[in-house]
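Trainee: I have a structure here, written as structure tokens, and I will follow up with some questions on it.
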Amino acid sequence: MNAATEARVSELDRTVDALKPSADLAEELFGIADVLREQAALRNALADSTTADDSRRAMATALFGGKLSDTAISVIADAAGLRWGTGSRLTDAINRQGLRVLFGTAQAAKALDQVESELFHLNRAVAADTDLRQALDNRNVPLAVRLTLLSDLLSAKVNPVTLVLAQRAVAASQRTFEVTTEEYLRLAAAIRERAIAMVTVAQPLTTAQAKKLREILVRKLDREVNLQIVIDPSVLGGARVKVGDEVIEGTVAARLAAAQQQLTQ
């Protein structure tokens with residue numbers, strides 16, 4: 001994402017942050033994004049930079065007026081008034097706001113920790129199960145069939161917000177379920193201005209160990225941290241911590257590999 005697009009995303013973020021989050025608003029924004037994704041002529045018209053900004057706003061209001069809430073219409077109108085360069089960027093921006101509103105509802109209900117935890121564990125479960133991963137990502141299988149599979153797997157077992165997020169990830173047309181849910185987790189962390197630390201260990205951390213590790217990372221990163229624990233028996237003690245592109249390696253295996261490399265130099 002270039003600097004200009006980031007600036008427009010931030011501007012739209014501020015607009016939506018001023019609204020009261022609701023599941024209905026999230027659903028409406030997802031609906032708009034889906035319509036734009038399916039109709040190239042429409043999304044390109046609303047993102048056409050040769051048309052005046054106010055004209056694109058008016059076009060969005062006219063197209064969706066009477067079909068959606070005034071709040072949803074105001075979001076699509078504000079989004080259309082920004083210069084995205086392509087219809088795909090506009091579509092992604094609207095979908096992003098649907099996700100942010102949905103996370104906002106979970107945060108207001110004090111359930112965001114639960115949603116993030118459920119989404120992370122679902123991500124790891126799908127990554128570890130080849131058959132399930134292929135079933136969810138197979139575009140040759142009708143979307144309705146894949147959504148039914150997911151609903152049967154998750155219904156009554158997770159927070160309703162988690163289920164909606166998982167359904168959106170299955171419906172994503174350009175990314176795998178695993179990549180899409182990872183993107184969702186980064187967005188949730190960004191909303192709370194937290195970093196995500198992927199911690200790989202041979203066995204589960206105790207509560208005390210997790211607390212100590214979080215405290216160390218908070219001091220190092222100067223921000224709150226979400227720990228995502230991955231169990232990998234091949235890790236020979238210690239922990240491998242990845243925050244963004246930075247890897248903090250403290251495993252026995254890594255130290256042995258480093259020592260071996262020094263000996264062969």
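Starting from 1 in every chain, residues are counted up; chains themselves are A, B, ... following the order of the structure tokens, and ligands are numbered from 1 as listed.
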Applying 12 Å and only C-alpha atoms, which residues near Ala108 (chain A) remain after dropping the ones on its own chain fewer than 4 positions away? List them as a VMD selection string.
Mentor: chain A and resid 20 to 23 101 to 104 112 to 113
Trainee: Output N, CA and C atoms of each residue in that selection to a file, as a compact mmCIF listing (two decimals), in the first residue's frame.
Mentor:
```txt
# COMPACT_ATOMS: atom_id res chain seq x y z
N LYS A 20 -21.12 4.80 15.75
CA LYS A 20 -21.34 3.74 16.73
C LYS A 20 -21.32 2.41 16.00
N PRO A 21 -20.42 1.49 16.40
CA PRO A 21 -20.35 0.20 15.70
C PRO A 21 -21.58 -0.66 15.95
N SER A 22 -22.01 -1.37 14.93
CA SER A 22 -23.13 -2.29 15.08
C SER A 22 -22.98 -3.41 14.07
N ALA A 23 -23.54 -4.56 14.40
CA ALA A 23 -23.48 -5.69 13.47
C ALA A 23 -24.22 -5.37 12.18
N VAL A 101 -15.69 -2.21 11.87
CA VAL A 101 -16.95 -2.04 12.61
C VAL A 101 -17.28 -3.31 13.38
N LEU A 102 -17.07 -4.46 12.75
CA LEU A 102 -17.36 -5.74 13.42
C LEU A 102 -16.46 -5.93 14.63
N PHE A 103 -15.17 -5.63 14.48
CA PHE A 103 -14.27 -5.71 15.63
C PHE A 103 -14.69 -4.70 16.70
N GLY A 104 -15.21 -3.55 16.26
CA GLY A 104 -15.67 -2.55 17.21
C GLY A 104 -16.83 -3.05 18.05
N LEU A 112 -13.48 -8.79 22.50
CA LEU A 112 -12.47 -8.77 21.44
C LEU A 112 -11.35 -9.76 21.73
N ASP A 113 -10.95 -9.91 22.99
CA ASP A 113 -9.93 -10.90 23.33
C ASP A 113 -10.39 -12.30 22.92
```
Trainee: How would you write, as a PyMOL selection string, the set of residues in region 48-264 of chain A that DSSP gives as strand (DSSP E or B)?
Mentor: chain A and resi 194-201+224-231+240-243+246-249
Trainee: List the neighbours of Gly98 (chain A) out to 12 Å using only C-alpha atoms; skip same-chain residues closer than 5 positions along the sequence, and give me the result as a compact mmCIF listing (two decimals) with N, CA and C atoms, in the first residue's frame.
Mentor:
```
# COMPACT_ATOMS: atom_id res chain seq x y z
N LEU A 12 -10.61 7.52 6.00
CA LEU A 12 -11.86 6.77 6.10
C LEU A 12 -11.98 6.09 7.46
N ASP A 13 -10.86 5.63 8.01
CA ASP A 13 -10.87 5.07 9.36
C ASP A 13 -11.43 6.07 10.36
N VAL A 16 -15.23 6.45 10.09
CA VAL A 16 -15.97 5.32 10.65
C VAL A 16 -15.80 5.24 12.18
N ASP A 17 -14.64 5.64 12.67
CA ASP A 17 -14.42 5.61 14.12
C ASP A 17 -15.37 6.55 14.86
N PRO A 21 -20.42 1.49 16.40
CA PRO A 21 -20.35 0.20 15.70
C PRO A 21 -21.58 -0.66 15.95
N SER A 22 -22.01 -1.37 14.93
CA SER A 22 -23.13 -2.29 15.08
C SER A 22 -22.98 -3.41 14.07
N ALA A 23 -23.54 -4.56 14.40
CA ALA A 23 -23.48 -5.69 13.47
C ALA A 23 -24.22 -5.37 12.18
N ASP A 24 -25.31 -4.60 12.28
CA ASP A 24 -26.08 -4.23 11.09
C ASP A 24 -25.25 -3.36 10.15
N LEU A 25 -24.50 -2.40 10.71
CA LEU A 25 -23.67 -1.54 9.87
C LEU A 25 -22.57 -2.36 9.21
N ALA A 26 -21.95 -3.26 9.95
CA ALA A 26 -20.91 -4.11 9.37
C ALA A 26 -21.48 -4.93 8.21
N GLU A 27 -22.66 -5.48 8.41
CA GLU A 27 -23.29 -6.30 7.35
C GLU A 27 -23.58 -5.45 6.12
N GLU A 28 -24.03 -4.22 6.32
CA GLU A 28 -24.31 -3.34 5.17
C GLU A 28 -23.02 -3.03 4.41
N LEU A 29 -21.95 -2.75 5.13
CA LEU A 29 -20.68 -2.42 4.47
C LEU A 29 -20.14 -3.64 3.72
N PHE A 30 -20.28 -4.82 4.32
CA PHE A 30 -19.87 -6.03 3.60
C PHE A 30 -20.70 -6.21 2.33
N GLY A 31 -21.99 -5.91 2.44
CA GLY A 31 -22.86 -6.03 1.27
C GLY A 31 -22.44 -5.09 0.15
N ILE A 32 -22.08 -3.85 0.52
CA ILE A 32 -21.61 -2.89 -0.48
C ILE A 32 -20.33 -3.41 -1.14
N ALA A 33 -19.40 -3.89 -0.31
CA ALA A 33 -18.13 -4.40 -0.84
C ALA A 33 -18.37 -5.56 -1.80
N ASP A 34 -19.31 -6.44 -1.46
CA ASP A 34 -19.59 -7.58 -2.32
C ASP A 34 -20.20 -7.13 -3.65
N ALA A 72 -24.70 3.88 6.65
CA ALA A 72 -23.95 3.13 5.64
C ALA A 72 -23.78 3.95 4.38
N VAL A 75 -21.00 6.41 4.73
CA VAL A 75 -19.67 5.80 4.62
C VAL A 75 -19.30 5.58 3.15
N ILE A 76 -20.20 5.00 2.37
CA ILE A 76 -19.88 4.74 0.96
C ILE A 76 -19.72 6.06 0.21
N THR A 91 -13.11 -0.93 -3.18
CA THR A 91 -13.79 -2.12 -2.65
C THR A 91 -13.11 -2.63 -1.39
N ASP A 92 -11.79 -2.74 -1.44
CA ASP A 92 -11.03 -3.21 -0.28
C ASP A 92 -11.21 -2.27 0.91
N ALA A 93 -11.28 -0.97 0.62
CA ALA A 93 -11.43 0.02 1.69
C ALA A 93 -12.79 -0.13 2.39
N PHE A 103 -15.17 -5.63 14.48
CA PHE A 103 -14.27 -5.71 15.63
C PHE A 103 -14.69 -4.70 16.70
N GLY A 104 -15.21 -3.55 16.26
CA GLY A 104 -15.67 -2.55 17.21
C GLY A 104 -16.83 -3.05 18.05
N THR A 105 -17.72 -3.84 17.44
CA THR A 105 -18.83 -4.39 18.22
C THR A 105 -18.32 -5.36 19.27
N VAL A 161 -19.29 -13.02 16.24
CA VAL A 161 -18.38 -12.19 15.44
C VAL A 161 -17.31 -13.06 14.79
N VAL A 164 -18.76 -14.77 11.72
CA VAL A 164 -18.88 -13.87 10.56
C VAL A 164 -17.52 -13.63 9.92
N LEU A 165 -16.50 -13.42 10.73
CA LEU A 165 -15.15 -13.21 10.21
C LEU A 165 -14.67 -14.43 9.44
N ARG A 168 -16.38 -14.51 6.11
CA ARG A 168 -15.79 -13.55 5.18
C ARG A 168 -14.47 -14.07 4.63
N TYR A 184 -6.85 -10.37 9.19
CA TYR A 184 -7.88 -9.92 10.13
C TYR A 184 -7.28 -9.73 11.53
N LEU A 187 -5.38 -6.58 11.75
CA LEU A 187 -6.28 -5.43 11.80
C LEU A 187 -6.85 -5.27 13.21
```
Trainee: From the set A:Ala197, A:Ala135, A:Ala109, A:Val115, which residue has the shortest atom-to-atom contact distance to Leu163 (chain A), counting only C-alpha atoms?
Mentor: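 The shortest atom-to-atom distance to Leu163 (chain A) comes from A:Val115.
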Trainee: Residues within 10 Å of Asn138 (chain A), please, as a ChimeraX atom specification. Count only C-alpha atoms; anything in the same chain fewer than 6 positions from it doesn't count.
Mentor: /A:132,146,170,176
Trainee: Excluding region 217-226 of chain A and residues on its chain fewer than 3 positions from it, collect all residues at most 9 Å away from it, counting only C-alpha atoms, and give them as a ChimeraX atom specification.
Mentor: /A:189,192-198,212-214
Trainee: If DSSP is run on the backbone, what residues of region 82-243 of chain A are helix (DSSP H, G or I)? A reply as a PyMOL selection string would be ideal.
Mentor: chain A and resi 87-108+112-128+130-137+143-154+160-171+177-191+207-221
Trainee: What's the separation between CA of Glu38 (chain A) and CA of Asn2 (chain A), in Å to one decimal place?
Mentor: 24.8 Å
Trainee: When you draw a straight line from CA of Ile191 (chain A) to CA of Lys110 (chain A), how long is it in Å?
Mentor: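 CA of Ile191 (chain A) sits 13.8 Å away from CA of Lys110 (chain A).
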Trainee: Find the residue from A:Leu99, A:Asp48, A:Gln114, A:Ala156 that sits nearest to Ala169 (chain A); use only C-alpha atoms when measuring.
Mentor: A:Leu99
Trainee: Using only C-alpha atoms, can you tell me which of A:Val247, A:Val179, A:Ala144, A:Leu36 comes closest to Arg124 (chain A)?
Mentor: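 Ranking A:Val247, A:Val179, A:Ala144, A:Leu36 by distance to Arg124 (chain A), first place goes to A:Val179.
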Trainee: Report as a PDB file with N, CA, C and O atoms, in the first residue's frame all protein, DNA and RNA residues lying within 8 Å of Arg8 (chain A), evaluated on only C-alpha atoms, omitting residues in the same chain fewer than 3 positions from it.
Mentor:
```
ATOM      1  N   ALA A   4      -0.099   7.379  -0.477  1.00  0.00           N
ATOM      2  CA  ALA A   4      -1.358   8.056  -0.804  1.00  0.00           C
ATOM      3  C   ALA A   4      -2.559   7.199  -0.397  1.00  0.00           C
ATOM      4  O   ALA A   4      -3.529   7.702   0.176  1.00  0.00           O
ATOM      5  N   THR A   5      -2.476   5.910  -0.683  1.00  0.00           N
ATOM      6  CA  THR A   5      -3.572   5.009  -0.305  1.00  0.00           C
ATOM      7  C   THR A   5      -3.689   4.905   1.212  1.00  0.00           C
ATOM      8  O   THR A   5      -4.794   4.902   1.766  1.00  0.00           O
ATOM      9  N   GLU A  11      -7.994   8.325   6.578  1.00  0.00           N
ATOM     10  CA  GLU A  11      -9.083   9.307   6.578  1.00  0.00           C
ATOM     11  C   GLU A  11     -10.433   8.611   6.724  1.00  0.00           C
ATOM     12  O   GLU A  11     -11.296   9.046   7.498  1.00  0.00           O
ATOM     13  N   LEU A  12     -10.607   7.517   5.997  1.00  0.00           N
ATOM     14  CA  LEU A  12     -11.865   6.765   6.101  1.00  0.00           C
ATOM     15  C   LEU A  12     -11.984   6.089   7.465  1.00  0.00           C
ATOM     16  O   LEU A  12     -13.082   6.002   8.023  1.00  0.00           O
ATOM     17  N   LEU A  82     -13.147   9.937  -2.027  1.00  0.00           N
ATOM     18  CA  LEU A  82     -11.689   9.879  -1.939  1.00  0.00           C
ATOM     19  C   LEU A  82     -11.116   9.299  -3.229  1.00  0.00           C
ATOM     20  O   LEU A  82     -11.769   8.523  -3.914  1.00  0.00           O
ATOM     21  N   ARG A  83      -9.883   9.656  -3.524  1.00  0.00           N
ATOM     22  CA  ARG A  83      -9.267   9.225  -4.787  1.00  0.00           C
ATOM     23  C   ARG A  83      -8.421   7.967  -4.550  1.00  0.00           C
ATOM     24  O   ARG A  83      -7.291   8.048  -4.089  1.00  0.00           O
ATOM     25  N   TRP A  84      -9.000   6.799  -4.888  1.00  0.00           N
ATOM     26  CA  TRP A  84      -8.338   5.520  -4.651  1.00  0.00           C
ATOM     27  C   TRP A  84      -7.475   5.076  -5.826  1.00  0.00           C
ATOM     28  O   TRP A  84      -6.594   4.230  -5.661  1.00  0.00           O
TER      29      TRP A  84
END
```
